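Coordinates as given in structure.txt (compact mmCIF, C-alpha atoms):
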# COMPACT_ATOMS: atom_id res chain seq x y z
CA MET A 1 148.43 39.36 -11.60
CA THR A 2 149.08 43.08 -11.81
CA ILE A 3 147.04 46.08 -10.86
CA GLU A 4 146.92 47.19 -14.50
CA ARG A 5 145.27 43.92 -15.58
CA ARG A 6 142.43 44.78 -13.22
CA ASN A 7 141.87 48.03 -15.14
CA PHE A 8 143.00 50.26 -12.29
CA SER A 9 145.96 52.55 -12.71
CA ARG A 10 148.57 53.09 -10.02
CA ARG A 11 147.07 56.55 -9.59
CA ALA A 12 143.66 55.06 -8.84
CA LEU A 13 145.30 53.01 -6.09
CA MET A 14 147.28 55.89 -4.58
CA GLN A 15 146.77 58.65 -2.08
CA GLY A 16 149.11 60.98 -0.19
CA GLY A 17 149.53 64.56 1.46
CA ALA A 18 152.06 67.51 2.89
CA SER A 19 152.97 71.41 2.87
CA GLY A 20 155.30 74.23 4.10
CA MET A 21 156.12 77.83 4.77
CA ALA A 22 158.32 80.78 3.85
CA LEU A 23 159.67 83.61 5.89
CA LEU A 24 160.12 87.30 6.37
CA ALA A 25 161.93 89.14 9.10
CA ALA A 26 159.55 90.50 11.65
CA GLY A 27 159.69 94.21 12.24
CA ARG A 28 161.86 95.08 15.22
CA SER A 29 161.18 97.32 18.13
CA ALA A 30 162.38 97.50 21.69
CA SER A 31 159.64 95.07 22.68
CA ALA A 32 159.79 92.70 19.68
CA GLN A 33 161.86 89.52 19.66
CA THR A 34 163.61 87.80 16.74
CA ARG A 35 160.82 86.05 14.90
CA VAL A 36 160.09 84.44 11.55
CA THR A 37 156.68 84.96 9.96
CA VAL A 38 154.94 83.53 6.92
CA ASP A 39 155.06 85.68 3.81
CA GLU A 40 154.46 84.15 0.40
CA ALA A 41 156.15 86.96 -1.52
CA ASN A 42 159.31 87.43 0.52
CA ILE A 43 161.61 84.64 1.62
CA LYS A 44 164.58 85.68 3.68
CA PRO A 45 166.00 83.01 6.01
CA ARG A 46 166.89 84.26 9.48
CA PRO A 47 170.57 83.94 10.48
CA ILE A 48 170.95 81.60 13.48
CA ALA A 49 174.04 80.31 15.28
CA ILE A 50 174.13 76.84 16.84
CA PRO A 51 177.52 75.97 18.43
CA ASP A 52 178.38 72.40 19.43
CA PHE A 53 176.59 71.44 22.63
CA ILE A 54 178.62 71.19 25.81
CA SER A 55 179.28 67.51 26.59
CA PRO A 56 181.76 65.14 28.28
CA ASN A 57 181.78 63.51 24.83
CA PRO A 58 182.66 66.27 22.32
CA GLN A 59 181.48 64.18 19.36
CA MET A 60 178.06 63.74 20.96
CA GLY A 61 177.83 67.49 21.56
CA ARG A 62 178.73 68.12 17.92
CA ASP A 63 176.29 65.51 16.60
CA ILE A 64 173.22 66.75 18.46
CA ALA A 65 173.89 70.37 17.50
CA GLN A 66 174.26 69.34 13.85
CA VAL A 67 170.98 67.40 13.80
CA LEU A 68 169.12 70.33 15.39
CA ALA A 69 170.75 72.78 12.96
CA ALA A 70 169.97 70.59 9.94
CA ASP A 71 166.28 70.45 10.90
CA LEU A 72 166.02 74.22 11.05
CA GLU A 73 168.04 74.76 7.86
CA ARG A 74 165.91 72.29 5.86
CA SER A 75 162.80 74.28 6.71
CA GLY A 76 164.18 77.08 4.57
CA LEU A 77 163.36 79.58 7.28
CA PHE A 78 166.80 79.73 8.89
CA LYS A 79 170.33 80.34 7.63
CA LEU A 80 173.08 78.71 9.66
CA MET A 81 175.96 80.92 10.69
CA ASN A 82 179.44 79.64 9.76
CA PRO A 83 181.18 78.35 12.94
CA ALA A 84 184.38 80.05 11.78
CA ALA A 85 182.64 83.38 12.41
CA PHE A 86 181.55 82.57 15.98
CA PRO A 87 182.88 85.39 18.20
CA GLU A 88 183.29 83.26 21.33
CA ARG A 89 183.35 79.70 22.63
CA ILE A 90 180.44 78.73 24.89
CA THR A 91 181.69 76.61 27.82
CA SER A 92 178.77 76.86 30.25
CA LEU A 93 175.01 77.31 30.03
CA ASN A 94 175.31 79.79 32.87
CA GLN A 95 177.58 81.91 30.67
CA THR A 96 175.81 84.98 29.30
CA PRO A 97 176.79 85.20 25.64
CA ARG A 98 178.32 88.39 24.28
CA THR A 99 175.16 89.16 22.35
CA ARG A 100 176.49 92.38 20.82
CA ASP A 101 179.41 90.43 19.32
CA TRP A 102 177.11 87.69 18.00
CA ALA A 103 174.87 90.29 16.40
CA ALA A 104 177.87 92.05 14.86
CA ALA A 105 178.97 88.69 13.42
CA GLY A 106 175.62 88.41 11.64
CA ALA A 107 173.49 86.25 13.93
CA GLU A 108 169.97 87.16 15.00
CA ALA A 109 169.33 84.12 17.20
CA LEU A 110 171.65 81.83 19.15
CA VAL A 111 171.03 78.31 20.50
CA VAL A 112 173.41 76.96 23.14
CA GLY A 113 173.01 73.68 24.96
CA GLN A 114 174.51 70.75 26.77
CA ILE A 115 173.95 67.00 26.65
CA SER A 116 174.74 64.24 29.13
CA GLN A 117 173.75 60.63 29.75
CA GLY A 118 172.30 59.53 33.08
CA PRO A 119 172.89 56.27 34.96
CA ASP A 120 169.65 54.88 33.47
CA GLY A 121 171.01 55.37 29.95
CA ARG A 122 168.63 58.21 29.13
CA PHE A 123 170.07 61.30 27.50
CA GLN A 124 169.44 64.70 29.01
CA VAL A 125 169.55 67.93 27.05
CA GLU A 126 169.29 71.46 28.30
CA TYR A 127 169.34 74.44 25.94
CA ARG A 128 168.94 78.22 25.84
CA LEU A 129 167.58 80.29 22.95
CA TRP A 130 168.83 83.87 22.78
CA ASP A 131 167.69 86.87 20.77
CA VAL A 132 171.11 88.43 20.29
CA VAL A 133 169.74 91.60 18.69
CA LEU A 134 167.65 92.40 21.75
CA SER A 135 170.22 90.77 24.05
CA ARG A 136 167.85 88.54 25.95
CA LYS A 137 167.06 84.88 26.53
CA ILE A 138 163.70 83.97 25.02
CA ASP A 139 163.47 80.26 25.78
CA GLY A 140 165.11 77.47 27.74
CA LYS A 141 164.15 73.83 28.28
CA ARG A 142 165.41 70.63 29.89
CA LEU A 143 164.55 67.44 27.98
CA ALA A 144 165.18 63.71 28.47
CA ASN A 145 164.80 60.71 26.17
CA PRO A 146 166.51 57.34 25.54
CA ALA A 147 167.34 58.49 21.97
CA TRP A 148 169.62 61.50 21.55
CA ARG A 149 168.47 62.13 17.95
CA ARG A 150 164.89 62.47 19.15
CA LEU A 151 166.05 65.04 21.68
CA ALA A 152 167.63 67.02 18.84
CA HIS A 153 164.36 66.92 16.85
CA ILE A 154 162.28 67.86 19.90
CA ALA A 155 164.60 70.79 20.66
CA ALA A 156 164.40 71.87 17.01
CA ASP A 157 160.59 71.84 17.26
CA GLN A 158 160.76 74.04 20.37
CA VAL A 159 163.12 76.56 18.75
CA TYR A 160 161.07 76.58 15.52
CA GLU A 161 157.85 77.24 17.43
CA LYS A 162 159.36 80.00 19.54
CA LEU A 163 160.74 81.83 16.51
CA THR A 164 157.84 81.26 14.07
CA LEU A 165 154.80 80.89 16.36
CA GLU A 166 154.02 77.75 14.32
CA LYS A 167 154.23 74.18 15.60
CA GLY A 168 157.34 72.31 14.52
CA TYR A 169 157.35 69.06 12.54
CA PHE A 170 160.80 67.55 13.13
CA ASP A 171 159.97 64.92 15.78
CA THR A 172 158.10 62.85 13.20
CA GLN A 173 158.46 59.78 10.99
CA ILE A 174 157.82 58.99 7.34
CA VAL A 175 156.40 55.68 6.13
CA PHE A 176 156.98 55.02 2.43
CA VAL A 177 157.61 52.38 -0.23
CA ASP A 178 161.31 51.56 -0.54
CA GLU A 179 162.13 50.52 -4.13
CA ASN A 180 165.23 48.57 -5.21
CA GLY A 181 166.41 46.97 -8.42
CA PRO A 182 165.91 47.55 -12.15
CA LYS A 183 162.68 49.12 -13.31
CA GLU A 184 161.20 45.93 -14.75
CA LYS A 185 162.05 43.86 -11.63
CA ARG A 186 161.79 46.38 -8.84
CA VAL A 187 161.40 45.03 -5.31
CA LYS A 188 159.11 47.18 -3.15
CA ARG A 189 159.11 47.10 0.63
CA LEU A 190 157.29 49.11 3.24
CA ALA A 191 159.81 51.19 5.18
CA ILE A 192 159.80 53.78 7.94
CA MET A 193 162.36 56.43 8.90
CA ASP A 194 162.73 59.69 10.77
CA GLN A 195 161.73 62.76 8.74
CA ASP A 196 165.39 63.50 8.05
CA GLY A 197 166.09 60.00 6.65
CA ALA A 198 167.73 58.54 9.77
CA ASN A 199 166.80 55.32 11.60
CA LEU A 200 165.39 53.58 8.52
CA ARG A 201 163.90 50.11 8.92
CA THR A 202 161.88 47.93 6.58
CA LEU A 203 158.42 46.67 7.51
CA SER A 204 157.90 44.09 4.76
CA GLN A 205 160.10 41.64 2.88
CA GLY A 206 159.38 42.62 -0.72
CA ARG A 207 157.48 39.46 -1.62
CA GLU A 208 154.23 41.34 -2.19
CA ILE A 209 153.02 44.52 -3.86
CA VAL A 210 152.59 47.34 -1.34
CA LEU A 211 151.12 50.80 -1.98
CA THR A 212 149.83 53.87 -0.15
CA PRO A 213 150.89 53.35 3.47
CA ARG A 214 149.06 55.81 5.75
CA PHE A 215 149.58 56.65 9.43
CA SER A 216 146.93 56.49 12.09
CA PRO A 217 146.75 59.94 13.73
CA VAL A 218 146.43 58.45 17.23
CA ARG A 219 148.27 55.10 17.29
CA GLN A 220 151.53 53.56 16.12
CA GLU A 221 149.65 51.93 13.27
CA ILE A 222 149.53 52.20 9.49
CA ALA A 223 147.06 51.14 6.81
CA TYR A 224 148.19 50.23 3.30
CA MET A 225 147.20 48.26 0.21
CA THR A 226 148.63 44.84 -0.56
CA TYR A 227 147.49 41.63 -2.21
CA VAL A 228 145.63 39.07 -0.10
CA GLY A 229 145.56 36.04 -2.34
CA GLU A 230 144.77 37.45 -5.79
CA THR A 231 142.87 40.52 -4.60
CA PRO A 232 144.13 43.97 -3.53
CA ARG A 233 143.12 44.56 0.08
CA VAL A 234 143.57 47.23 2.72
CA VAL A 235 145.63 45.91 5.62
CA THR A 236 146.61 47.53 8.93
CA MET A 237 149.92 46.97 10.71
CA ASN A 238 150.74 47.63 14.34
CA LEU A 239 154.18 49.26 14.23
CA THR A 240 154.99 48.16 17.78
CA ASN A 241 154.51 44.41 17.37
CA GLY A 242 154.16 43.96 13.59
CA GLN A 243 150.68 42.44 13.85
CA ARG A 244 148.63 42.74 10.64
CA GLU A 245 144.91 42.65 9.99
CA THR A 246 142.95 42.64 6.72
CA ILE A 247 140.21 45.27 6.90
CA GLY A 248 136.72 44.26 5.81
CA ASN A 249 135.27 41.21 4.08
CA LEU A 250 134.10 42.95 0.92
CA PRO A 251 133.76 40.84 -2.25
CA GLY A 252 135.94 43.06 -4.48
CA MET A 253 139.21 44.94 -4.17
CA THR A 254 139.87 47.61 -1.53
CA PHE A 255 142.57 50.28 -1.72
CA ALA A 256 143.50 53.95 -1.03
CA PRO A 257 142.95 53.92 2.76
CA ARG A 258 142.79 56.99 4.98
CA PHE A 259 142.15 57.19 8.74
CA SER A 260 139.68 59.59 10.33
CA PRO A 261 141.20 62.28 12.58
CA ASP A 262 140.26 60.27 15.70
CA GLY A 263 141.57 57.00 14.22
CA GLN A 264 138.25 55.23 14.78
CA ARG A 265 137.21 54.99 11.11
CA LEU A 266 138.92 54.18 7.84
CA LEU A 267 137.94 55.52 4.43
CA MET A 268 138.84 53.40 1.40
CA SER A 269 137.85 52.61 -2.16
CA PHE A 270 135.96 49.42 -2.97
CA GLY A 271 136.07 48.23 -6.56
CA GLN A 272 134.29 45.65 -8.67
CA GLY A 273 134.66 45.55 -12.45
CA ALA A 274 135.47 48.98 -13.86
CA THR A 275 133.87 51.13 -11.14
CA THR A 276 134.65 51.94 -7.53
CA GLN A 277 132.77 53.44 -4.63
CA LEU A 278 133.88 54.95 -1.34
CA VAL A 279 133.20 53.07 1.88
CA GLU A 280 133.82 53.89 5.51
CA MET A 281 134.84 51.16 7.94
CA ASP A 282 134.26 51.43 11.69
CA MET A 283 137.52 50.15 13.17
CA ARG A 284 135.79 48.97 16.37
CA THR A 285 132.78 47.13 14.95
CA LYS A 286 134.29 46.38 11.50
CA GLN A 287 130.99 47.46 9.95
CA ALA A 288 131.24 49.10 6.49
CA ARG A 289 129.08 51.97 5.26
CA GLN A 290 128.69 52.84 1.56
CA LEU A 291 129.21 56.56 0.84
CA THR A 292 129.01 56.82 -2.98
CA PRO A 293 127.15 54.78 -5.63
CA MET A 294 128.95 52.24 -7.83
CA GLN A 295 128.52 54.35 -10.99
CA SER A 296 132.00 55.83 -11.60
CA ILE A 297 135.55 55.62 -10.32
CA ASP A 298 135.51 57.34 -6.91
CA THR A 299 138.78 57.03 -5.04
CA GLY A 300 141.38 58.86 -2.95
CA PRO A 301 139.12 59.91 -0.06
CA CYS A 302 140.43 62.11 2.75
CA TYR A 303 138.63 63.54 5.79
CA SER A 304 138.71 67.20 6.71
CA PRO A 305 140.40 67.90 10.09
CA THR A 306 136.93 68.09 11.68
CA ALA A 307 135.81 64.85 9.94
CA ARG A 308 132.64 66.65 8.84
CA GLU A 309 133.58 66.57 5.15
CA ILE A 310 135.44 64.29 2.75
CA VAL A 311 137.41 65.26 -0.35
CA PHE A 312 137.89 62.66 -3.09
CA GLU A 313 138.61 62.24 -6.79
CA SER A 314 136.11 60.98 -9.36
CA ASP A 315 135.53 60.69 -13.11
CA ARG A 316 131.75 61.05 -12.69
CA GLU A 317 131.65 64.05 -15.04
CA GLY A 318 133.91 62.47 -17.63
CA THR A 319 137.34 63.65 -16.44
CA GLN A 320 139.32 63.09 -13.26
CA GLN A 321 138.34 65.91 -10.87
CA LEU A 322 138.13 66.66 -7.14
CA TYR A 323 134.87 66.68 -5.18
CA ILE A 324 133.75 67.36 -1.61
CA MET A 325 130.85 65.76 0.24
CA GLY A 326 129.52 65.48 3.75
CA HIS A 327 130.89 62.73 6.01
CA ASP A 328 127.75 60.68 5.26
CA GLY A 329 128.08 61.05 1.48
CA SER A 330 125.55 63.86 1.13
CA GLY A 331 125.89 67.20 -0.67
CA VAL A 332 128.49 66.21 -3.28
CA ARG A 333 129.93 69.24 -5.08
CA ARG A 334 132.76 69.66 -7.53
CA LEU A 335 135.88 71.36 -6.19
CA SER A 336 138.42 71.58 -9.05
CA ARG A 337 137.69 73.83 -12.04
CA GLY A 338 141.03 74.27 -13.76
CA ASP A 339 142.43 72.56 -16.83
CA GLY A 340 143.91 69.08 -16.51
CA ARG A 341 143.17 66.02 -14.41
CA TYR A 342 143.24 66.17 -10.61
CA SER A 343 144.04 63.38 -8.16
CA THR A 344 145.43 62.47 -4.71
CA PRO A 345 143.59 65.18 -2.71
CA VAL A 346 144.76 65.56 0.91
CA TRP A 347 143.31 68.00 3.43
CA SER A 348 145.79 70.08 5.41
CA PRO A 349 145.85 69.39 9.18
CA ARG A 350 145.10 73.11 9.59
CA GLY A 351 142.05 72.88 7.34
CA ASP A 352 143.10 75.83 5.18
CA TYR A 353 144.26 73.99 2.06
CA ILE A 354 143.74 70.82 0.06
CA ALA A 355 146.86 69.49 -1.70
CA PHE A 356 146.57 67.59 -4.96
CA THR A 357 148.36 66.13 -7.97
CA LYS A 358 147.48 67.63 -11.34
CA GLN A 359 148.29 66.18 -14.74
CA MET A 360 148.34 68.43 -17.81
CA THR A 361 150.44 69.09 -20.92
CA GLY A 362 152.64 66.08 -20.21
CA SER A 363 153.65 67.17 -16.71
CA PHE A 364 152.63 66.23 -13.18
CA LEU A 365 152.17 69.16 -10.81
CA ILE A 366 151.75 69.36 -7.04
CA GLY A 367 149.46 72.18 -5.92
CA VAL A 368 147.12 73.45 -3.25
CA MET A 369 143.71 75.10 -3.26
CA LYS A 370 141.31 76.35 -0.63
CA PRO A 371 138.47 74.04 0.47
CA ASP A 372 136.01 76.11 -1.56
CA GLY A 373 138.04 75.49 -4.74
CA THR A 374 139.51 79.00 -4.98
CA GLY A 375 143.12 80.10 -4.73
CA GLU A 376 144.65 77.24 -6.70
CA ARG A 377 148.46 77.48 -6.74
CA ILE A 378 151.02 75.14 -8.28
CA LEU A 379 153.98 74.52 -5.95
CA THR A 380 156.18 72.30 -8.11
CA GLU A 381 156.07 70.43 -11.40
CA GLY A 382 158.08 67.83 -13.26
CA PHE A 383 158.06 64.70 -15.40
CA HIS A 384 156.18 62.72 -12.73
CA ASN A 385 155.35 64.28 -9.36
CA GLU A 386 152.74 62.58 -7.22
CA GLY A 387 151.43 61.63 -3.78
CA PRO A 388 151.58 64.76 -1.56
CA THR A 389 151.49 64.26 2.21
CA TRP A 390 151.27 67.02 4.85
CA ALA A 391 153.63 67.66 7.73
CA PRO A 392 151.61 67.79 10.97
CA ASN A 393 151.87 71.59 11.14
CA GLY A 394 150.33 71.99 7.66
CA ARG A 395 153.22 74.09 6.31
CA VAL A 396 155.33 71.55 4.39
CA LEU A 397 154.45 68.86 1.83
CA MET A 398 156.38 65.73 0.97
CA PHE A 399 155.87 64.03 -2.38
CA PHE A 400 157.72 61.74 -4.77
CA ARG A 401 159.20 62.61 -8.13
CA GLU A 402 160.12 60.02 -10.74
CA SER A 403 162.88 60.70 -13.23
CA ARG A 404 162.93 59.75 -16.89
CA GLY A 405 164.78 56.82 -18.44
CA ASP A 406 165.24 53.12 -17.86
CA ARG A 407 167.52 53.70 -14.88
CA GLY A 408 165.33 56.36 -13.36
CA GLY A 409 163.08 55.95 -10.39
CA PRO A 410 161.12 57.88 -7.77
CA LYS A 411 162.72 59.94 -4.99
CA LEU A 412 161.23 61.92 -2.12
CA PHE A 413 161.15 65.72 -1.88
CA THR A 414 159.62 68.37 0.36
CA VAL A 415 158.18 71.72 -0.69
CA ASP A 416 156.73 74.52 1.43
CA ILE A 417 153.28 75.96 0.79
CA THR A 418 154.75 78.96 -1.01
CA GLY A 419 156.51 76.70 -3.51
CA HIS A 420 159.80 78.55 -2.97
CA ILE A 421 161.56 76.05 -0.70
CA GLU A 422 162.10 72.59 -2.17
CA ARG A 423 164.45 69.98 -0.68
CA PRO A 424 165.37 66.35 -1.51
CA VAL A 425 164.77 63.80 1.25
CA PRO A 426 167.61 61.25 1.65
CA THR A 427 166.70 57.58 1.13
CA PRO A 428 169.02 54.63 0.45
CA ALA A 429 167.37 53.77 -2.88
CA PHE A 430 164.30 54.80 -4.84
CA ALA A 431 161.27 55.75 -2.76
CA SER A 432 157.58 56.50 -3.36
CA ASP A 433 154.19 56.91 -1.64
CA PRO A 434 155.35 58.85 1.45
CA ALA A 435 153.08 59.51 4.42
CA TRP A 436 153.97 61.86 7.28
CA SER A 437 153.27 60.82 10.88
CA PRO A 438 151.80 63.07 13.55
CA LEU A 439 154.23 64.48 16.12
CA LEU A 440 155.63 61.58 18.17
CA GLY A 441 155.72 63.41 21.48

For the file at hand, write its structure as structure tokens.
Amino acid sequence: MTIERRNFSRRALMQGGASGMALLAAGRSASAQTRVTVDEANIKPRPIAIPDFISPNPQMGRDIAQVLAADLERSGLFKLMNPAAFPERITSLNQTPRTRDWAAAGAEALVVGQISQGPDGRFQVEYRLWDVVLSRKIDGKRLANPAWRRLAHIAADQVYEKLTLEKGYFDTQIVFVDENGPKEKRVKRLAIMDQDGANLRTLSQGREIVLTPRFSPVRQEIAYMTYVGETPRVVTMNLTNGQRETIGNLPGMTFAPRFSPDGQRLLMSFGQGATTQLVEMDMRTKQARQLTPMQSIDTGPCYSPTAREIVFESDREGTQQLYIMGHDGSGVRRLSRGDGRYSTPVWSPRGDYIAFTKQMTGSFLIGVMKPDGTGERILTEGFHNEGPTWAPNGRVLMFFRESRGDRGGPKLFTVDITGHIERPVPTPAFASDPAWSPLLG
């Protein structure tokens, strides 16, 4: 049995979310430090130098510096300085860099560090962040973790925050649907990886349909849709021990799950026949509460960051549009007013935007709008773009894009909230339905 034979499209069974930011050089004065700020009209990456970290193992020092540098470069806010232009070799953290020479070589910021491994096997990293234009150290931290790659991501978050005044998003994971094989016989598995594509592992064996995995904001847990017997059901999985649990004992199909900000409740769609309603499940008592009537196709619910409101998609007025209502289902009002059909709404963690998929004139577009429906902007478009998911800082979106043709398939991409900075996300095969985790720290 397929989803289509139950009269529900893949889009009706999907939900996602993500966003980003651009940059402009901050004005300089004797008291101002090197800093990147958000500016939608002017994108100029800041030049930054990141030499290999000092280490008893030179390869390890090179690797951790490269992971940190790649994180910052992928954000689109930083331009890496060519190592061939470095004016000096850093051999000690206690060494004061020749900041005038670094500035003359084109750098505005400099990150130097060292890495070692303790007797307990844990890696230790210490770094310094310098503003070479103002010739002063602006940050320095000592970090420890069993995984050196995590230390690189954590350090990248610290540098990003210091230079942008925005939280970083590099120490995170992505859960998604890994797709292998020809289009007509594609095997789909749940998979999880670091946000840069490293440390990938599969969570299911490909013997069942899986869609729309979503992270809990407070636990190492995901919710997703799969088949239980002959019926689509929302299932949760503990990522630590692999334990699974079917959510609810409703008589029809359940799909499109989304956790509340505190992780205590789960929104999902409940369908019977050709209509669906939105229900909320208390994860502690397992009691379900109906939020919308069974009169149309209501799906894709997502809480606001305060959990006071819910955005969702519905065909209640004849076409697929976005709506907002109170957390108890009251005060429903239409949000989208533009041409085309809207779906997959996802509220930014910052609360300032709602991301969505829009279908019109044969294209699929990823866009954002304000929670009052104003300020709609399209960030990217293509043959088939879908399923936006927000980075935890609310400045970058990940989504999947499917290419044309029999051999084509979906791949993951990121785009910032200005729409100027778009990057592919490496995966071993085709990939769809991404969901961004909260910061792991």

Exercise. Please provide as a ChimeraX atom specification all residues within 7 Å of region 134-151 of chain A, with the sequence filter that same-chain residues fewer than 2 positions apart are discarded (counting only C-alpha atoms).
Key: /A:33,64,99,121-132,153-155,171

Quiz item: How many Å separate CA of Phe215 (chain A) from CA of Val425 (chain A)?
Solution: 18.7 Å

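Shortest atom-to-atom contact with Arg333 (chain A) among A:Arg244, A:Arg316, A:Arg289, A:Arg100: A:Arg316, counting all atoms listed in the file.
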
Quiz item: Looking at all atoms listed in the file, which of A:Ile43, A:Leu190, A:Ile50, A:Met283 is the one that sits closest to Asp262 (chain A)?
Solution: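 Result for the nearest residue to Asp262 (chain A): A:Met283.
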
Practice problem: Rank A:Ile247, A:Ile297, A:Ala256, A:Ile324 by their smallest atom-to-atom distance to Met281 (chain A), using all atoms listed in the file, and report the top residue only. | Solution: A:Ile247

Quiz item: Which polymer residues have any atom within 10 Å of an atom of Arg219 (chain A), counting only C-alpha atoms, with same-chain residues fewer than 5 positions away left out, as number ranges by chain?
Solution: A: 238-240, 262-263, 437-438, 440

Quiz item: So how far away is CA of Thr357 (chain A) from CA of Ser269 (chain A), in Å?
Solution: 18.1 Å

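If you look at CA of Thr91 (chain A) and CA of Phe170 (chain A), they are 27.1 Å away from each other.
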
Test item: axis-aligned box, all listed atoms of region 57-67 of chain A, 8 Å on each side, centre and edges in Å rounded to one decimal, as JSON:
{"center_x": 176.8, "center_y": 66.9, "center_z": 19.3, "size_x": 27.7, "size_y": 22.9, "size_z": 27.0}

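Among the candidates A:Pro410, A:Pro257, A:Gly338, A:Gly181, the one nearest to Gly375 (chain A) when counting only C-alpha atoms is A:Gly338.
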